Structure formats: structure tokens, C-alpha cells
file input-v5.cif (mmCIF, C-alpha atoms)
data_query
loop_
_atom_site.label_atom_id
_atom_site.label_comp_id
_atom_site.auth_asym_id
_atom_site.auth_seq_id
_atom_site.Cartn_x
_atom_site.Cartn_y
_atom_site.Cartn_z
CA MET W 147 49.53 119.04 28.36
CA SER W 148 46.74 118.01 30.69
CA GLY W 149 46.92 119.16 34.28
CA GLY W 150 49.50 121.90 33.81
CA VAL W 151 52.46 123.17 31.83
CA ALA W 152 56.01 121.87 31.57
CA TYR W 153 57.94 125.15 31.75
CA ILE W 154 61.36 125.55 30.14
CA CYS W 155 64.12 127.61 31.76
CA LEU W 156 65.13 130.47 29.44
CA THR W 157 68.76 130.28 30.57
CA CYS W 158 69.61 126.58 30.42
CA GLY W 159 66.73 125.32 28.26
CA VAL W 160 65.92 122.43 30.62
CA GLN W 161 62.24 121.54 30.91
CA GLN W 162 60.68 121.19 34.36
CA THR W 163 57.99 118.88 35.72
CA THR W 164 54.46 119.69 34.56
CA ARG W 165 52.80 122.02 37.04
CA GLN W 166 49.95 124.52 37.46
CA SER W 167 52.06 127.60 38.25
CA VAL W 168 55.33 129.07 37.03
CA PRO W 169 58.31 127.61 38.96
CA GLU W 170 60.14 129.93 41.32
CA ARG W 171 63.62 128.52 40.70
CA CYS W 172 65.73 126.42 38.38
CA PRO W 173 68.05 124.22 40.50
CA ILE W 174 70.37 123.66 37.53
CA CYS W 175 70.93 127.39 37.04
CA GLU W 176 71.36 128.02 40.77
CA ASP W 177 74.31 125.60 40.84
CA GLU W 178 77.78 127.18 40.60
CA ARG W 179 78.36 125.58 37.18
CA GLN W 180 75.55 127.62 35.61
CA TYR W 181 73.99 130.97 36.52
CA VAL W 182 70.68 132.76 37.01
CA ARG W 183 70.27 135.33 34.25
CA GLN W 184 70.59 139.02 35.01
CA GLY W 185 67.10 140.23 35.76
CA GLY W 186 66.16 137.00 37.51
CA GLN W 187 64.74 133.60 36.68
CA ALA W 188 62.53 133.46 33.58
CA TRP W 189 60.55 130.74 31.81
CA THR W 190 59.01 129.85 28.48
CA THR W 191 57.00 126.98 27.00
CA LEU W 192 57.04 124.94 23.82
CA GLU W 193 53.94 126.78 22.65
CA ARG W 194 55.55 130.20 23.15
CA LEU W 195 58.74 129.13 21.40
CA ALA W 196 56.75 127.86 18.43
CA ALA W 197 54.82 131.13 18.27
CA GLN W 198 58.13 133.01 18.23
CA GLY W 199 59.23 131.09 15.13
CA HIS W 200 61.45 128.42 16.62
CA HIS W 201 61.78 125.20 14.66
CA VAL W 202 63.92 122.08 14.67
CA GLU W 203 66.87 122.23 12.29
CA VAL W 204 68.32 119.00 10.91
CA ARG W 205 71.74 118.81 9.22
CA GLU W 206 73.63 115.85 7.80
CA LEU W 207 77.13 115.96 9.31
CA GLU W 208 78.69 112.78 7.96
CA PRO W 209 77.39 109.39 6.85
CA GLY W 210 75.47 107.99 9.81
CA LEU W 211 75.43 111.23 11.83
CA THR W 212 72.76 113.94 11.84
CA GLY W 213 72.79 117.17 13.83
CA VAL W 214 69.47 118.17 15.40
CA GLY W 215 68.99 121.58 17.03
CA ALA W 216 66.67 124.53 17.58
CA ASP W 217 66.66 127.54 15.27
CA PRO W 218 66.76 130.16 16.71
CA ALA W 219 68.76 128.62 19.55
CA VAL W 220 67.13 127.96 22.92
CA GLY W 221 68.97 128.30 26.24
CA ILE W 222 72.67 127.50 25.94
CA GLY W 223 72.31 126.93 22.21
CA GLN W 224 73.63 123.37 21.93
CA ARG W 225 72.46 120.88 19.32
CA GLY W 226 71.98 117.14 19.63
CA LEU W 227 73.57 114.41 17.52
CA LEU W 228 71.62 111.52 16.03
CA VAL W 229 73.84 108.48 15.48
CA ARG W 230 72.26 106.15 12.91
CA THR W 231 73.15 102.45 13.01
CA PRO W 232 71.69 99.23 11.53
CA ALA W 233 70.56 98.29 15.05
CA GLY W 234 68.75 101.58 15.69
CA ASN W 235 69.32 105.30 16.10
CA PHE W 236 70.60 107.00 19.24
CA LEU W 237 70.26 110.66 20.21
CA TRP W 238 73.23 112.16 22.02
CA ASP W 239 72.43 115.29 24.00
CA CYS W 240 69.17 117.17 23.84
CA PHE W 241 68.05 120.79 23.62
CA GLY W 242 65.14 122.91 24.76
CA TYR W 243 62.72 122.43 21.89
CA ILE W 244 60.78 119.84 19.87
CA ASP W 245 58.26 120.09 17.03
CA ALA W 246 56.32 117.80 14.72
CA LYS W 247 58.61 118.36 11.73
CA GLY W 248 61.68 117.47 13.76
CA VAL W 249 60.04 114.31 15.03
CA GLU W 250 58.98 113.36 11.51
CA ALA W 251 62.52 113.92 10.18
CA ILE W 252 63.91 111.48 12.74
CA ARG W 253 61.05 109.04 12.23
CA ALA W 254 61.84 109.05 8.50
CA VAL W 255 65.35 107.70 9.18
CA GLY W 256 64.25 105.02 11.65
CA GLY W 257 63.20 106.77 14.85
CA LEU W 258 64.95 106.62 18.22
CA ALA W 259 66.17 103.65 20.24
CA GLY W 260 67.43 105.80 23.12
CA ILE W 261 68.76 109.14 24.38
CA ALA W 262 71.81 109.95 26.50
CA PHE W 263 73.71 113.06 27.50
CA SER W 264 77.09 114.57 28.17
CA HIS W 265 75.79 116.35 31.30
CA PRO W 266 72.63 117.83 32.91
CA HIS W 267 72.83 121.24 31.18
CA PHE W 268 71.87 119.38 27.99
CA TYR W 269 68.80 117.51 29.28
CA GLY W 270 66.55 120.00 27.49
CA THR W 271 63.16 118.55 26.52
CA MET W 272 64.36 114.96 26.86
CA VAL W 273 61.03 113.63 28.13
CA GLU W 274 59.17 115.14 25.16
CA TRP W 275 61.59 113.47 22.74
CA SER W 276 61.22 110.14 24.51
CA LEU W 277 57.42 110.37 24.45
CA ALA W 278 57.51 111.15 20.73
CA PHE W 279 59.26 107.83 20.13
CA ASP W 280 57.19 105.38 22.17
CA GLY W 281 58.87 106.17 25.48
CA CYS W 282 62.37 105.20 24.30
CA PRO W 283 64.95 104.86 27.12
CA ILE W 284 66.49 108.00 28.61
CA TRP W 285 69.93 107.00 29.90
CA ILE W 286 70.93 109.04 32.98
CA PRO W 287 74.12 108.39 34.99
CA SER W 288 73.29 107.42 38.57
CA ASP W 289 75.72 110.11 39.75
CA ASP W 290 73.65 112.81 38.01
CA ARG W 291 70.18 111.47 38.85
CA MET W 292 69.63 114.35 41.28
CA TRP W 293 69.71 116.87 38.41
CA VAL W 294 66.72 115.44 36.54
CA GLN W 295 64.05 118.16 36.51
CA ARG W 296 61.23 116.22 34.87
CA GLU W 297 60.69 112.60 35.86
CA SER W 298 59.82 109.85 33.40
CA PRO W 299 59.34 106.07 33.58
CA ALA W 300 61.67 105.92 30.57
CA ILE W 301 64.70 106.92 32.68
CA VAL W 302 67.32 104.16 32.96
CA GLU W 303 70.28 104.67 35.28
CA TRP W 304 73.80 103.60 34.35
CA ARG W 305 77.34 103.93 35.64
CA GLY W 306 80.86 103.41 34.27
CA THR W 307 80.52 102.26 30.66
CA ARG W 308 77.53 100.92 28.76
CA GLU W 309 77.24 99.70 25.16
CA VAL W 310 73.69 100.84 24.41
CA LEU W 311 73.76 99.65 20.77
CA PRO W 312 76.43 97.72 18.87
CA GLY W 313 79.33 100.14 18.37
CA ILE W 314 77.69 102.86 20.53
CA THR W 315 79.27 103.07 23.98
CA LEU W 316 78.60 105.52 26.79
CA VAL W 317 81.68 106.32 28.88
CA GLN W 318 81.41 108.10 32.23
CA THR W 319 84.43 110.35 32.72
CA GLY W 320 83.38 112.72 35.51
CA GLY W 321 84.84 116.21 35.57
CA HIS W 322 82.28 118.86 34.67
CA PHE W 323 79.67 116.81 36.60
CA ASP W 324 80.20 113.57 38.50
CA GLY W 325 78.21 111.78 35.82
CA SER W 326 79.70 113.64 32.86
CA ALA W 327 80.08 111.31 29.91
CA VAL W 328 81.06 110.93 26.27
CA LEU W 329 79.69 108.69 23.55
CA HIS W 330 82.09 106.58 21.49
CA TRP W 331 80.87 105.81 17.99
CA ALA W 332 83.12 103.12 16.59
CA ALA W 333 81.95 103.50 12.98
CA GLY W 334 82.35 107.29 12.95
CA ALA W 335 84.89 109.14 10.80
CA GLU W 336 84.81 106.46 8.11
CA GLY W 337 85.50 103.71 10.61
CA ARG W 338 88.32 105.47 12.46
CA GLY W 339 86.01 106.31 15.36
CA ALA W 340 84.37 109.46 16.70
CA LEU W 341 83.89 110.82 20.20
CA LEU W 342 80.74 112.84 20.95
CA VAL W 343 81.53 114.99 23.96
CA GLY W 344 79.14 117.91 24.59
CA ASP W 345 80.82 119.89 27.39
CA THR W 346 82.56 116.92 29.00
CA ILE W 347 85.61 117.50 26.78
CA THR W 348 84.66 120.74 25.07
CA VAL W 349 85.93 121.50 21.58
CA VAL W 350 87.20 125.10 21.77
CA PRO W 351 87.01 127.76 19.00
CA ASP W 352 90.45 126.62 17.82
CA VAL W 353 89.00 123.24 16.91
CA ARG W 354 92.43 121.62 16.96
CA ALA W 355 92.19 121.68 20.76
CA VAL W 356 89.79 120.85 23.58
CA SER W 357 89.44 121.90 27.20
CA PHE W 358 87.90 120.85 30.50
CA MET W 359 86.14 122.94 33.15
CA ARG W 360 83.98 122.60 36.22
CA SER W 361 82.08 125.71 35.07
CA TYR W 362 82.41 127.27 31.64
CA PRO W 363 80.34 130.44 32.21
CA ASN W 364 81.87 131.04 35.64
CA LEU W 365 85.40 129.99 34.58
CA ILE W 366 85.98 127.47 37.39
CA PRO W 367 88.78 125.04 36.51
CA LEU W 368 89.10 121.35 37.31
CA PRO W 369 91.92 119.92 39.43
CA ALA W 370 94.71 117.86 37.91
CA GLU W 371 93.36 114.51 39.09
CA GLU W 372 90.09 115.11 37.25
CA ILE W 373 91.92 115.88 34.00
CA ARG W 374 93.95 112.69 34.27
CA ARG W 375 90.81 110.68 35.03
CA ILE W 376 89.00 112.04 31.95
CA VAL W 377 91.95 111.23 29.68
CA ALA W 378 92.28 107.75 31.15
CA ALA W 379 88.58 107.07 30.60
CA VAL W 380 88.72 107.76 26.85
CA ARG W 381 92.18 106.34 26.14
CA PRO W 382 90.98 102.78 25.42
CA TYR W 383 88.84 104.00 22.51
CA ALA W 384 89.97 104.78 18.97
CA PHE W 385 88.69 108.12 17.70
CA GLU W 386 89.83 110.35 14.88
CA ARG W 387 87.07 112.92 15.18
CA ILE W 388 85.51 114.81 18.11
CA TYR W 389 82.06 116.38 17.97
CA GLY W 390 81.49 119.10 20.56
CA GLY W 391 78.15 120.45 21.70
CA TRP W 392 77.64 123.13 19.02
CA TRP W 393 77.32 123.11 15.25
CA ASP W 394 80.77 124.49 14.48
CA ARG W 395 82.75 122.73 17.22
CA VAL W 396 84.27 119.69 15.49
CA THR W 397 87.84 118.40 15.65
CA ARG W 398 88.01 116.62 12.31
CA SER W 399 91.31 114.78 12.62
CA ASP W 400 93.77 113.51 15.24
CA GLY W 401 91.12 113.66 17.94
CA LYS W 402 92.99 111.46 20.37
CA GLY W 403 96.13 113.54 19.94
CA ALA W 404 94.14 116.73 20.50
CA VAL W 405 92.83 115.42 23.83
CA GLU W 406 96.28 114.39 25.05
CA ARG W 407 98.01 117.62 23.95
CA SER W 408 95.25 119.79 25.37
CA ALA W 409 95.27 117.95 28.69
CA ARG W 410 99.03 118.44 29.05
CA ARG W 411 98.68 122.14 28.23
CA TYR W 412 95.88 122.48 30.80
CA LEU W 413 97.94 120.75 33.50
CA LYS W 414 100.92 122.98 32.78
CA TRP W 415 98.91 126.18 33.20
CA ILE W 416 97.28 125.16 36.47
CA GLY W 417 100.77 124.50 37.84
CA ALA W 418 100.54 120.70 37.86
CA ASN W 419 102.82 118.00 36.53
CA ALA W 420 101.93 117.61 32.86
CA ASP W 421 102.38 113.83 33.00
CA LEU W 422 99.08 112.13 32.17
CA ASP W 423 100.03 108.69 33.48
#
call {"tool": "encode", "arguments": {"input": "input-v5.cif", "output": "C-alpha cells"}}
result
Amino acid sequence: MSGGVAYICLTCGVQQTTRQSVPERCPICEDERQYVRQGGQAWTTLERLAAQGHHVEVRELEPGLTGVGADPAVGIGQRGLLVRTPAGNFLWDCFGYIDAKGVEAIRAVGGLAGIAFSHPHFYGTMVEWSLAFDGCPIWIPSDDRMWVQRESPAIVEWRGTREVLPGITLVQTGGHFDGSAVLHWAAGAEGRGALLVGDTITVVPDVRAVSFMRSYPNLIPLPAEEIRRIVAAVRPYAFERIYGGWWDRVTRSDGKGAVERSARRYLKWIGANADLD
């Protein structure tokens, strides 16, 4: 890159603004929802990651849905989800790497019409992905605009709900971050609907359940009113399946029931009324 380097935080995998010198701090990791690694802040670059053998991995997950991630994992280790539709393809969540083969794999199935995210920890190399596809829109909730670490003219702010392509709807739920969101894919799960959630509604190791937190690494819970607000935000949408932020975190059936049951369990154990209404 001319004029400097866009460094990537080793801990969260979010790329910073291009600069001449190594950044001193990562504001995302200094927030209470994340953490600065033991031993202090550290950085890498796309070139270093490539030299270490990183590459983009692409997996078909179901008709119309492709997983896209880094192997070996970068930062938190999440993968993105490429939703393919007749009106265009949309990338949900990003990660801290990009390479020519990954770009070509997505170009081969129609490219990108836009990118959006569950929350700022998953911004990754979003600007690089946008640039690779003619500056496609990067949808950022207005409430999370402050967490953008690398600016781009492709950034489009949104709030509430937004149908970005036919059958692809962004839903702001709040919770983990003020702008935390999910993506509803109406055609997912053979037409029964799928919810792509990242860490907004995280699919736990027992994939029959989900959970909700202000901070996952620091184990900070959310208050009852936030749980009820998240559930209320997704209730209008039909979804059988839930895709979490990692390869193996998928609730394959009864997704809506899993959210409701898990929310009631959560409310019970923080000592709140388990009524969701």
C-alpha cells in the first residue's frame, strides 16, 4: 500500500488506518468487551500473514450460503458468511485476512454487492474486501460508527432495520454493542429462514442453545431489558436455522425456539422475571 501500512491487531484481527509507523494502541481491544493480550499490544500485516501460510478457506454450507474464513485463524478466529441471491451476493461479518484466491472464489460466484457485520469485533479487513469488489458498500450501524478503525468512502450508515437485497434484512438488536445486529435470510434453510448472528446472539457449544453477553472474554452479562429487546427485535422474522460466528456453531433446527428458551434460561439465572413479553 502506498504511503504506509494498514496494520492488523493480532488479538481482534481488525485492520487499522494506513500509517507510517506501528500503532501504539487498539481502541477495540482496550474496551471492556475485548482485552489487550498478555505481553502487550501486537500487530501484523497481510504480507506477514501470507508469508506465515495463511490463506482464505471457502466452504459450501448450504445451497446459497458459503463460509469464508482464514486458515490458520486470525484474531478471534471467526469466519464470514456469503449469502448468494439472484439479486447479488452479500458478505456477513468479516475477518482479519484476504488473498487473491479468496477474492477469485467469490468473484466466480458473482462477486459482492455489500458487506455488513454483527458487531465491531468482526470488522476485520472490511475495507480490503470492499476495494477488491469495486468499493462495494460497507454497512455500519450509526450507533457503532465510532468503532471503525479504517475509514472508507464505501461506508454507509444505517439504523433499525434495512433490507439491503431482496430477502436479506439487517436487524439492529443492540446488546453486545449498541449497534449489534443480525442478518435475516428469508430463503435460508430451504425457505424456512435463517438468522446469521455472529456474537449478537451467540450459538454456544451445545448448538441447541444460544446466549447473550456484553463481553464474552471478560464474562460480563447483559441486563434483563437488553435480553428482552434482542428477542423482540428478531421475533417478527421466521427462522429455522441460526448461523453463529464460527464454523461449527450452527443451530440447524428450531432456531426461533432456541432463542426463546435460551433467553428465558438466561433471565432466570440473572435473577430476573423470565417473562419475555
call {"tool": "atom_distance", "arguments": {"input": "input-v5.cif", "atom1": "CA of Val273 in chain W", "atom2": "CA of Thr163 in chain W"}}
result
9.7 Å
call {"tool": "resolve_selection", "arguments": {"input": "input-v5.cif", "expression": "the PyMOL selection byres ((chain W and resi 282) around 10)", "output": "VMD selection string"}}
result
chain W and resid 236 257 to 261 273 275 to 281 283 to 285 299 to 301
call {"tool": "resolve_selection", "arguments": {"input": "input-v5.cif", "expression": "the PyMOL selection byres ((chain W and resi 219) around 12)", "output": "count of residues only"}}
result
30
call {"tool": "axis_aligned_box", "arguments": {"input": "input-v5.cif", "around": "range 170-177 of chain W", "padding_each_side": "4 Å", "output": "lines of an AutoDock Vina configuration file"}}
result
center_x = 67.2
center_y = 126.8
center_z = 39.2
size_x = 22.2
size_y = 14.3
size_z = 12.3
call {"tool": "residues_near_point", "arguments": {"input": "input-v5.cif", "point": "(88.7, 106.7, 13.8)", "cutoff": "6 Å", "atoms": "only C-alpha atoms", "output": "list in words"}}
result
Ala335, Gly337, Arg338, Gly339, Ala340, Ala384, Phe385 and Glu386 of chain W
call {"tool": "decode", "arguments": {"input": "input-v5.cif", "residues": "range 215-245 of chain W", "atoms": "N, CA, C and O atoms", "output": "mmCIF file, in the first residue's frame"}}
result
data_model
loop_
_atom_site.group_PDB
_atom_site.id
_atom_site.type_symbol
_atom_site.label_atom_id
_atom_site.label_comp_id
_atom_site.auth_asym_id
_atom_site.auth_seq_id
_atom_site.Cartn_x
_atom_site.Cartn_y
_atom_site.Cartn_z
ATOM 1 N N GLY W 215 -13.364 -17.926 5.518
ATOM 2 C CA GLY W 215 -12.562 -17.627 6.697
ATOM 3 C C GLY W 215 -11.077 -17.758 6.427
ATOM 4 O O GLY W 215 -10.663 -18.128 5.322
ATOM 5 N N ALA W 216 -10.280 -17.453 7.435
ATOM 6 C CA ALA W 216 -8.825 -17.562 7.333
ATOM 7 C C ALA W 216 -8.362 -18.880 7.926
ATOM 8 O O ALA W 216 -8.849 -19.318 8.973
ATOM 9 N N ASP W 217 -7.409 -19.522 7.270
ATOM 10 C CA ASP W 217 -6.801 -20.744 7.779
ATOM 11 C C ASP W 217 -5.282 -20.610 7.643
ATOM 12 O O ASP W 217 -4.790 -20.444 6.520
ATOM 13 N N PRO W 218 -4.531 -20.670 8.768
ATOM 14 C CA PRO W 218 -4.987 -20.694 10.156
ATOM 15 C C PRO W 218 -5.798 -19.439 10.514
ATOM 16 O O PRO W 218 -5.737 -18.435 9.802
ATOM 17 N N ALA W 219 -6.522 -19.535 11.617
ATOM 18 C CA ALA W 219 -7.381 -18.435 12.041
ATOM 19 C C ALA W 219 -6.558 -17.202 12.398
ATOM 20 O O ALA W 219 -5.405 -17.296 12.809
ATOM 21 N N VAL W 220 -7.166 -16.048 12.219
ATOM 22 C CA VAL W 220 -6.555 -14.768 12.577
ATOM 23 C C VAL W 220 -7.413 -14.120 13.664
ATOM 24 O O VAL W 220 -8.642 -14.142 13.589
ATOM 25 N N GLY W 221 -6.775 -13.550 14.678
ATOM 26 C CA GLY W 221 -7.503 -12.832 15.725
ATOM 27 C C GLY W 221 -8.448 -13.736 16.492
ATOM 28 O O GLY W 221 -8.054 -14.783 17.010
ATOM 29 N N ILE W 222 -9.712 -13.372 16.528
ATOM 30 C CA ILE W 222 -10.719 -14.104 17.290
ATOM 31 C C ILE W 222 -11.056 -15.438 16.633
ATOM 32 O O ILE W 222 -11.551 -16.346 17.275
ATOM 33 N N GLY W 223 -10.812 -15.552 15.347
ATOM 34 C CA GLY W 223 -11.000 -16.822 14.658
ATOM 35 C C GLY W 223 -12.346 -16.993 13.985
ATOM 36 O O GLY W 223 -12.675 -18.094 13.517
ATOM 37 N N GLN W 224 -13.136 -15.925 13.879
ATOM 38 C CA GLN W 224 -14.441 -16.040 13.229
ATOM 39 C C GLN W 224 -14.295 -16.241 11.733
ATOM 40 O O GLN W 224 -13.242 -16.009 11.154
ATOM 41 N N ARG W 225 -15.377 -16.670 11.095
ATOM 42 C CA ARG W 225 -15.440 -16.717 9.643
ATOM 43 C C ARG W 225 -16.643 -15.890 9.188
ATOM 44 O O ARG W 225 -17.589 -15.659 9.932
ATOM 45 N N GLY W 226 -16.582 -15.443 7.936
ATOM 46 C CA GLY W 226 -17.699 -14.706 7.367
ATOM 47 C C GLY W 226 -18.652 -15.653 6.661
ATOM 48 O O GLY W 226 -18.367 -16.841 6.464
ATOM 49 N N LEU W 227 -19.802 -15.120 6.256
ATOM 50 C CA LEU W 227 -20.828 -15.891 5.552
ATOM 51 C C LEU W 227 -21.246 -15.136 4.299
ATOM 52 O O LEU W 227 -21.687 -13.980 4.382
ATOM 53 N N LEU W 228 -21.108 -15.773 3.164
ATOM 54 C CA LEU W 228 -21.504 -15.184 1.892
ATOM 55 C C LEU W 228 -22.879 -15.715 1.515
ATOM 56 O O LEU W 228 -23.038 -16.901 1.211
ATOM 57 N N VAL W 229 -23.879 -14.816 1.551
ATOM 58 C CA VAL W 229 -25.235 -15.173 1.150
ATOM 59 C C VAL W 229 -25.378 -14.865 -0.342
ATOM 60 O O VAL W 229 -25.177 -13.723 -0.766
ATOM 61 N N ARG W 230 -25.735 -15.884 -1.130
ATOM 62 C CA ARG W 230 -25.834 -15.730 -2.573
ATOM 63 C C ARG W 230 -27.307 -15.654 -2.985
ATOM 64 O O ARG W 230 -28.091 -16.537 -2.633
ATOM 65 N N THR W 231 -27.663 -14.606 -3.698
ATOM 66 C CA THR W 231 -29.043 -14.414 -4.130
ATOM 67 C C THR W 231 -29.061 -14.019 -5.602
ATOM 68 O O THR W 231 -28.050 -13.550 -6.144
ATOM 69 N N PRO W 232 -30.218 -14.167 -6.285
ATOM 70 C CA PRO W 232 -30.306 -13.744 -7.687
ATOM 71 C C PRO W 232 -30.035 -12.252 -7.884
ATOM 72 O O PRO W 232 -29.622 -11.836 -8.967
ATOM 73 N N ALA W 233 -30.235 -11.466 -6.825
ATOM 74 C CA ALA W 233 -30.024 -10.013 -6.927
ATOM 75 C C ALA W 233 -28.611 -9.591 -6.551
ATOM 76 O O ALA W 233 -28.275 -8.408 -6.639
ATOM 77 N N GLY W 234 -27.775 -10.529 -6.149
ATOM 78 C CA GLY W 234 -26.409 -10.210 -5.747
ATOM 79 C C GLY W 234 -26.009 -10.994 -4.511
ATOM 80 O O GLY W 234 -26.846 -11.622 -3.850
ATOM 81 N N ASN W 235 -24.741 -10.942 -4.188
ATOM 82 C CA ASN W 235 -24.198 -11.651 -3.033
ATOM 83 C C ASN W 235 -23.849 -10.667 -1.922
ATOM 84 O O ASN W 235 -23.385 -9.564 -2.184
ATOM 85 N N PHE W 236 -24.034 -11.122 -0.672
ATOM 86 C CA PHE W 236 -23.807 -10.241 0.469
ATOM 87 C C PHE W 236 -22.940 -10.965 1.483
ATOM 88 O O PHE W 236 -23.196 -12.114 1.850
ATOM 89 N N LEU W 237 -21.884 -10.280 1.942
ATOM 90 C CA LEU W 237 -20.974 -10.857 2.928
ATOM 91 C C LEU W 237 -21.364 -10.393 4.322
ATOM 92 O O LEU W 237 -21.390 -9.192 4.609
ATOM 93 N N TRP W 238 -21.650 -11.355 5.173
ATOM 94 C CA TRP W 238 -21.987 -11.083 6.571
ATOM 95 C C TRP W 238 -20.783 -11.409 7.448
ATOM 96 O O TRP W 238 -20.317 -12.546 7.471
ATOM 97 N N ASP W 239 -20.322 -10.406 8.147
ATOM 98 C CA ASP W 239 -19.149 -10.476 9.013
ATOM 99 C C ASP W 239 -17.882 -10.649 8.178
ATOM 100 O O ASP W 239 -17.886 -11.193 7.084
ATOM 101 N N CYS W 240 -16.796 -10.164 8.752
ATOM 102 C CA CYS W 240 -15.512 -10.200 8.066
ATOM 103 C C CYS W 240 -14.482 -10.786 9.021
ATOM 104 O O CYS W 240 -14.796 -11.132 10.166
ATOM 105 N N PHE W 241 -13.263 -10.919 8.567
ATOM 106 C CA PHE W 241 -12.194 -11.494 9.367
ATOM 107 C C PHE W 241 -10.888 -10.821 8.960
ATOM 108 O O PHE W 241 -10.858 -10.010 8.028
ATOM 109 N N GLY W 242 -9.812 -11.155 9.644
ATOM 110 C CA GLY W 242 -8.589 -10.368 9.502
ATOM 111 C C GLY W 242 -7.643 -10.797 8.408
ATOM 112 O O GLY W 242 -6.421 -10.727 8.580
ATOM 113 N N TYR W 243 -8.186 -11.232 7.266
ATOM 114 C CA TYR W 243 -7.307 -11.653 6.180
ATOM 115 C C TYR W 243 -8.046 -11.558 4.853
ATOM 116 O O TYR W 243 -9.283 -11.555 4.805
ATOM 117 N N ILE W 244 -7.277 -11.480 3.763
ATOM 118 C CA ILE W 244 -7.801 -11.523 2.406
ATOM 119 C C ILE W 244 -6.657 -11.964 1.505
ATOM 120 O O ILE W 244 -5.493 -11.661 1.784
ATOM 121 N N ASP W 245 -6.956 -12.718 0.455
ATOM 122 C CA ASP W 245 -5.938 -13.044 -0.538
ATOM 123 C C ASP W 245 -6.589 -13.174 -1.906
ATOM 124 O O ASP W 245 -7.816 -13.174 -2.040
#
